[in-house]
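Since the structure comes first, as structure tokens, the remarks are kept for the end.
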Amino acid sequence: MITTEIKQTTIAKPISLTGVGLHTGQDVKLTFKPAIANNGYTFTRVDLEGSPIIEANINFVTSTQRGTVLEKNGVTIQTCEHVLAALVGLEIDNVNIELSSSEPPIMDGSSKYFVEALESAGLVDLEVFRQEYVVKNVITYKDNKSGSEITIIPSDHYEVTTMVDFGTKILGTQNATLSNLKDFKKEISNSRTFSFLHEIEMLLNEGLIKGGDLNNAIVYVDKELSESTMEKLKIAFNKEHIKVKSNGILDNLTLHYPNEAARHKLLDVVGDLALAGVRLRGKVIANKPGHYVNTQFAKKLSDIIKIERKNNVPVIDLTKEPIMDTTRIMEVLPHRPPFLFVDKIYELTSSKVIGLKNVTINETFFQGHFPGFPVMPGVLIVEAMAQIGGILVLNTFENPEDYLTFFAKIDKVKFKNKVFPGDTIIFKCTLISPIRRGICHMQGYAYVNGKLCAEAELIAQITKVK
């Protein structure tokens, strides 16, 4: 994970749409509402007592048979992928989605109307920086039963390619590519959901697609259309006349693109991978994607990210000269031995700093902590972390020696591993939000021997003293 220098976003005002759920057939009102930083995407069932909230989290996926279904404490959200794809496609970080039923409106079977609604609401920046998961190694998930496979490889930005093979003469093999999220609205968002006639027959027999019509789903006729099936379709779609067009599609719809099916599969991939809960920087290659393989891949990705977050040790080349040594550090920080706990700085940007401390047996605190079992006090690890953060903050001032930083709050402190004499602690601090009115909010990590030993959120007050 990296903290970018781009601020998180939400929408400027609430915006609502109404429609019908594809499978439930129920009228539903969906309202997009602004959300605070780090909220991500959340669904609220306003039709239920207490208005329960379900996070768009891969761990809540319970079914992928007909769309992606989330469930938490017995409360469900059905077919969430089109809504999530619209949010990702517009690069909106935080939104709450209120629903008056379990299923968002199907609209025309694409993300088009969600995109238009969100754009009409407008976007606003939040005072917290965006985080991204930067793919550095190839990650793959394959479903041996179906032959479906999804891979993500390193790339400078988020891009997706889908390759689909439906094994039918009427549809065959199709590919689609989204090279940049900025093209999502124009090239992907209006690609509608589709189904084959044999699937429609099964769904009708099971009492599903109650909200379907010929305006929100492309139906590919992959078998002979019998009279009985024709009558069922007329009733289901509320049409007096139904016929098959020359391209093998039921009438009343014209394809937006020859490869609209592949583009819609790409839309689904974008929506389903949003459930991993992080922005991605990498190229996704999806071969024969579907909701099951999409969500399985998102789960694998989420698990890898959790592990890397815990063990995301900065790589420092100790043979290279640091950008700041002790002499330079003391020109920025007011601390002096024996209360200076920073030896070198190896990376320093406007939002991140990486440095280290070499822990020796000569540290004064080891005399009493503890005799016979010297361990560095946790409070001093946090102090060292704060001093590293102080360099990040004071480096933004032309005359850093004229300022001091004081703790205002320390939150979410966790100690994972002990620090002993002879260890080298590597520290990383990143700004959680831009510095405003003399207040700095940082996330700090400390690593020893390739493992996380401490972490904390630090809030400091910057004070001018000269």
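For the structure tokens, the naming scheme is as follows: chains receive sequential letters (A, B, ...) according to their order of presentation, residues are indexed from 1 within each chain, and ligands are indexed from 1 in presentation order.
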
Problem - For stretch 372-377 of chain A: contacts at 8 Å, only C-alpha atoms, fewer than 3 positions along chain excluded, given as a ChimeraX atom specification - result: /A:365-367,369,380-381,418-421

Run DSSP on the backbone of this structure and report the residues of stretch 197-381 of chain A it assigns to helix (DSSP H, G or I), as a CSV table (one decimal) with N, CA and C atoms, in the first residue's frame.
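Done, and the output landed in part18.csv:
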chain,number,residue,atom,x,y,z
A,197,LEU,N,-31.0,-17.6,-24.0
A,197,LEU,CA,-32.4,-18.0,-23.9
A,197,LEU,C,-32.6,-19.2,-22.9
A,198,HIS,N,-31.6,-20.1,-23.0
A,198,HIS,CA,-31.8,-21.3,-22.1
A,198,HIS,C,-31.7,-20.9,-20.6
A,199,GLU,N,-30.9,-19.8,-20.3
A,199,GLU,CA,-30.8,-19.3,-18.9
A,199,GLU,C,-32.1,-18.6,-18.6
A,200,ILE,N,-32.7,-17.8,-19.5
A,200,ILE,CA,-33.9,-17.1,-19.3
A,200,ILE,C,-35.1,-18.1,-18.9
A,201,GLU,N,-35.1,-19.1,-19.7
A,201,GLU,CA,-36.2,-20.2,-19.4
A,201,GLU,C,-36.1,-20.7,-18.0
A,202,MET,N,-34.8,-21.0,-17.6
A,202,MET,CA,-34.6,-21.5,-16.2
A,202,MET,C,-35.0,-20.5,-15.2
A,203,LEU,N,-34.6,-19.3,-15.4
A,203,LEU,CA,-34.9,-18.2,-14.4
A,203,LEU,C,-36.4,-18.0,-14.3
A,204,LEU,N,-37.1,-18.0,-15.5
A,204,LEU,CA,-38.6,-17.9,-15.4
A,204,LEU,C,-39.2,-19.0,-14.7
A,205,ASN,N,-38.8,-20.2,-14.9
A,205,ASN,CA,-39.3,-21.4,-14.2
A,205,ASN,C,-39.1,-21.3,-12.7
A,227,GLU,N,-43.1,-22.2,-29.0
A,227,GLU,CA,-44.3,-21.4,-28.8
A,227,GLU,C,-44.5,-21.2,-27.3
A,228,SER,N,-44.3,-22.2,-26.5
A,228,SER,CA,-44.6,-22.1,-25.1
A,228,SER,C,-43.6,-21.1,-24.4
A,229,THR,N,-42.3,-21.2,-24.9
A,229,THR,CA,-41.3,-20.2,-24.4
A,229,THR,C,-41.7,-18.8,-24.8
A,230,MET,N,-42.1,-18.7,-26.1
A,230,MET,CA,-42.5,-17.4,-26.6
A,230,MET,C,-43.6,-16.8,-25.7
A,231,GLU,N,-44.6,-17.5,-25.3
A,231,GLU,CA,-45.7,-17.0,-24.5
A,231,GLU,C,-45.2,-16.6,-23.1
A,232,LYS,N,-44.3,-17.4,-22.5
A,232,LYS,CA,-43.7,-17.0,-21.2
A,232,LYS,C,-43.0,-15.7,-21.3
A,233,LEU,N,-42.2,-15.6,-22.4
A,233,LEU,CA,-41.4,-14.3,-22.6
A,233,LEU,C,-42.4,-13.1,-22.7
A,234,LYS,N,-43.5,-13.3,-23.5
A,234,LYS,CA,-44.4,-12.2,-23.7
A,234,LYS,C,-45.0,-11.7,-22.3
A,235,ILE,N,-45.3,-12.7,-21.5
A,235,ILE,CA,-45.8,-12.3,-20.1
A,235,ILE,C,-44.7,-11.7,-19.3
A,236,ALA,N,-43.5,-12.3,-19.3
A,236,ALA,CA,-42.5,-11.8,-18.4
A,236,ALA,C,-42.0,-10.4,-18.8
A,237,PHE,N,-42.0,-10.2,-20.1
A,237,PHE,CA,-41.5,-8.9,-20.6
A,237,PHE,C,-42.6,-7.9,-20.9
A,260,GLU,N,-20.3,-5.9,-27.0
A,260,GLU,CA,-21.0,-5.4,-25.7
A,260,GLU,C,-21.0,-6.4,-24.6
A,261,ALA,N,-21.1,-7.7,-24.9
A,261,ALA,CA,-21.1,-8.7,-23.9
A,261,ALA,C,-19.7,-8.8,-23.1
A,262,ALA,N,-18.6,-8.7,-23.9
A,262,ALA,CA,-17.3,-8.7,-23.3
A,262,ALA,C,-17.1,-7.4,-22.5
A,263,ARG,N,-17.6,-6.3,-22.9
A,263,ARG,CA,-17.5,-5.0,-22.2
A,263,ARG,C,-18.3,-5.1,-20.9
A,264,HIS,N,-19.5,-5.7,-21.0
A,264,HIS,CA,-20.3,-5.9,-19.7
A,264,HIS,C,-19.5,-6.8,-18.7
A,265,LYS,N,-18.9,-7.8,-19.2
A,265,LYS,CA,-18.1,-8.7,-18.3
A,265,LYS,C,-17.0,-7.9,-17.7
A,266,LEU,N,-16.4,-7.0,-18.4
A,266,LEU,CA,-15.4,-6.1,-17.9
A,266,LEU,C,-16.0,-5.2,-16.8
A,267,LEU,N,-17.2,-4.7,-17.1
A,267,LEU,CA,-17.9,-3.8,-16.1
A,267,LEU,C,-18.1,-4.6,-14.8
A,268,ASP,N,-18.5,-5.9,-14.9
A,268,ASP,CA,-18.7,-6.7,-13.7
A,268,ASP,C,-17.4,-6.9,-13.0
A,269,VAL,N,-16.3,-7.1,-13.7
A,269,VAL,CA,-15.0,-7.3,-13.0
A,269,VAL,C,-14.6,-6.1,-12.2
A,270,VAL,N,-14.8,-4.9,-12.8
A,270,VAL,CA,-14.5,-3.7,-12.1
A,270,VAL,C,-15.3,-3.6,-10.8
A,271,GLY,N,-16.6,-3.9,-10.9
A,271,GLY,CA,-17.5,-3.8,-9.7
A,271,GLY,C,-17.2,-4.8,-8.7
A,272,ASP,N,-16.9,-6.1,-9.1
A,272,ASP,CA,-16.6,-7.1,-8.1
A,272,ASP,C,-15.3,-6.9,-7.4
A,273,LEU,N,-14.3,-6.4,-8.2
A,273,LEU,CA,-13.0,-6.2,-7.5
A,273,LEU,C,-13.0,-5.1,-6.6
A,274,ALA,N,-14.0,-4.2,-6.7
A,274,ALA,CA,-14.1,-3.1,-5.7
A,274,ALA,C,-14.3,-3.7,-4.3
A,275,LEU,N,-14.8,-4.9,-4.2
A,275,LEU,CA,-15.0,-5.5,-2.9
A,275,LEU,C,-13.7,-5.9,-2.2
A,276,ALA,N,-12.6,-5.8,-2.9
A,276,ALA,CA,-11.3,-6.0,-2.2
A,276,ALA,C,-11.0,-4.8,-1.2
A,291,HIS,N,-18.9,-13.9,-11.9
A,291,HIS,CA,-19.0,-13.4,-10.5
A,291,HIS,C,-18.3,-14.3,-9.5
A,292,TYR,N,-18.3,-15.6,-9.8
A,292,TYR,CA,-17.6,-16.5,-8.8
A,292,TYR,C,-16.1,-16.3,-8.9
A,293,VAL,N,-15.5,-16.4,-10.0
A,293,VAL,CA,-14.1,-16.2,-10.1
A,293,VAL,C,-13.7,-14.8,-9.8
A,294,ASN,N,-14.5,-13.8,-10.1
A,294,ASN,CA,-14.2,-12.4,-9.8
A,294,ASN,C,-14.0,-12.2,-8.3
A,295,THR,N,-15.0,-12.8,-7.6
A,295,THR,CA,-15.0,-12.6,-6.1
A,295,THR,C,-14.0,-13.4,-5.4
A,296,GLN,N,-13.7,-14.6,-6.0
A,296,GLN,CA,-12.6,-15.5,-5.4
A,296,GLN,C,-11.3,-14.8,-5.6
A,297,PHE,N,-11.1,-14.1,-6.7
A,297,PHE,CA,-9.8,-13.4,-7.0
A,297,PHE,C,-9.8,-12.2,-6.0
A,298,ALA,N,-10.9,-11.5,-5.8
A,298,ALA,CA,-10.9,-10.3,-4.9
A,298,ALA,C,-10.6,-10.8,-3.5
A,299,LYS,N,-11.1,-12.0,-3.1
A,299,LYS,CA,-10.8,-12.5,-1.8
A,299,LYS,C,-9.3,-12.8,-1.6
A,300,LYS,N,-8.7,-13.4,-2.6
A,300,LYS,CA,-7.3,-13.7,-2.6
A,300,LYS,C,-6.5,-12.4,-2.5
A,301,LEU,N,-6.9,-11.5,-3.3
A,301,LEU,CA,-6.2,-10.2,-3.4
A,301,LEU,C,-6.3,-9.5,-2.0
A,302,SER,N,-7.5,-9.5,-1.4
A,302,SER,CA,-7.7,-8.9,-0.1
A,302,SER,C,-6.8,-9.5,1.0
A,303,ASP,N,-6.7,-10.9,0.9
A,303,ASP,CA,-5.8,-11.6,1.9
A,303,ASP,C,-4.4,-11.2,1.7
A,304,ILE,N,-3.9,-11.1,0.5
A,304,ILE,CA,-2.5,-10.8,0.2
A,304,ILE,C,-2.2,-9.4,0.7
A,305,ILE,N,-3.2,-8.5,0.5
A,305,ILE,CA,-3.0,-7.1,0.9
A,305,ILE,C,-2.9,-7.0,2.4
A,306,LYS,N,-3.7,-7.7,3.1
A,306,LYS,CA,-3.7,-7.7,4.6
A,306,LYS,C,-2.3,-8.2,5.1
A,307,ILE,N,-1.8,-9.2,4.5
A,307,ILE,CA,-0.5,-9.7,4.9
A,307,ILE,C,0.6,-8.7,4.6
A,308,GLU,N,0.6,-8.1,3.4
A,308,GLU,CA,1.6,-7.1,3.0
A,308,GLU,C,1.5,-5.9,3.9
A,309,ARG,N,0.3,-5.5,4.3
A,309,ARG,CA,0.2,-4.3,5.2
A,309,ARG,C,0.9,-4.6,6.5
A,310,LYS,N,0.8,-5.8,7.0
A,310,LYS,CA,1.5,-6.1,8.2
A,310,LYS,C,3.0,-6.2,8.1
A,326,THR,N,23.0,12.4,11.1
A,326,THR,CA,22.7,12.9,12.4
A,326,THR,C,22.9,14.4,12.5
A,327,THR,N,23.9,14.9,11.9
A,327,THR,CA,24.2,16.4,11.9
A,327,THR,C,23.1,17.1,11.2
A,328,ARG,N,22.7,16.6,10.0
A,328,ARG,CA,21.6,17.3,9.3
A,328,ARG,C,20.2,17.2,10.1
A,329,ILE,N,20.0,16.0,10.7
A,329,ILE,CA,18.8,15.8,11.5
A,329,ILE,C,18.7,16.8,12.6
A,330,MET,N,19.8,17.1,13.3
A,330,MET,CA,19.8,18.0,14.4
A,330,MET,C,19.6,19.5,13.9
A,331,GLU,N,19.8,19.7,12.6
A,331,GLU,CA,19.5,21.1,12.1
A,331,GLU,C,18.0,21.3,11.9
A,332,VAL,N,17.2,20.1,11.9
A,332,VAL,CA,15.8,20.2,11.7
A,332,VAL,C,15.1,19.9,13.0
A,364,THR,N,21.0,4.7,27.3
A,364,THR,CA,20.8,4.9,28.8
A,364,THR,C,19.6,4.2,29.3
A,365,PHE,N,18.6,4.0,28.6
A,365,PHE,CA,17.4,3.4,29.1
A,365,PHE,C,17.6,1.9,29.4
A,366,PHE,N,18.6,1.3,28.8
A,366,PHE,CA,18.8,-0.1,29.0
A,366,PHE,C,19.3,-0.4,30.5
A,367,GLN,N,19.8,0.7,31.1
A,367,GLN,CA,20.3,0.5,32.5
A,367,GLN,C,19.2,0.1,33.4
A,378,GLY,N,8.4,0.5,24.8
A,378,GLY,CA,7.5,0.8,23.8
A,378,GLY,C,7.3,2.3,23.6
A,379,VAL,N,7.2,3.1,24.7
A,379,VAL,CA,7.0,4.5,24.6
A,379,VAL,C,8.1,5.2,23.8
A,380,LEU,N,9.3,4.7,24.0
A,380,LEU,CA,10.4,5.3,23.2
A,380,LEU,C,10.4,4.9,21.8
A,381,ILE,N,9.9,3.8,21.4
A,381,ILE,CA,9.7,3.4,20.0
A,381,ILE,C,8.7,4.4,19.4

Problem - Contact residues around A:Asp423 with only C-alpha atoms at 12 Å, ignoring same-chain residues under 5 positions, as a list in words - result: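 In the requested form, the answer reads Leu356, Lys357, Asn358, Val359, Thr360, Ile361, Pro374, Val375, Met376, Asn417, Lys418, Ala446, Tyr447, Val448, Asn449, Gly450, Lys451 and Cys453 of chain A.
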
Practice task
Could you tell me which of A:Gly277, A:Gly444, A:Gly40, A:Gly21 comes closest to A:Ile77 if we count only C-alpha atoms?
Solution key: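 Closest candidate: A:Gly21.
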
Problem - Selected residue of minimal separation from A:Gly122 among A:Ala12, A:Val69, A:Ala86, A:Ile36, counting only C-alpha atoms - result: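 Counting only C-alpha atoms, the residue closest to A:Gly122 is A:Ala12.
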
Practice task
Enumerate, as an MDAnalysis selection string, the complete set of residues in stretch 210-432 of chain A that a backbone-based DSSP assignment places in strand (DSSP E).
Solution key: chainID A and resid 218:220 279:281 283:287 344:348 352:358 403:415 424:432

Practice task
Write out as a PyMOL selection string the residues lying within 10 Å of A:Ser195, counting only C-alpha atoms and excluding same-chain residues fewer than 6 positions away.
Solution key: chain A and resi 217-222+261

Exercise for the section: In Å, rounded to a single decimal, give me how far atom CA of A:Ile426 is from atom CA of A:Asp317. Expected result: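 Separating atom CA of A:Asp317 from atom CA of A:Ile426 is a distance of 11.8 Å.
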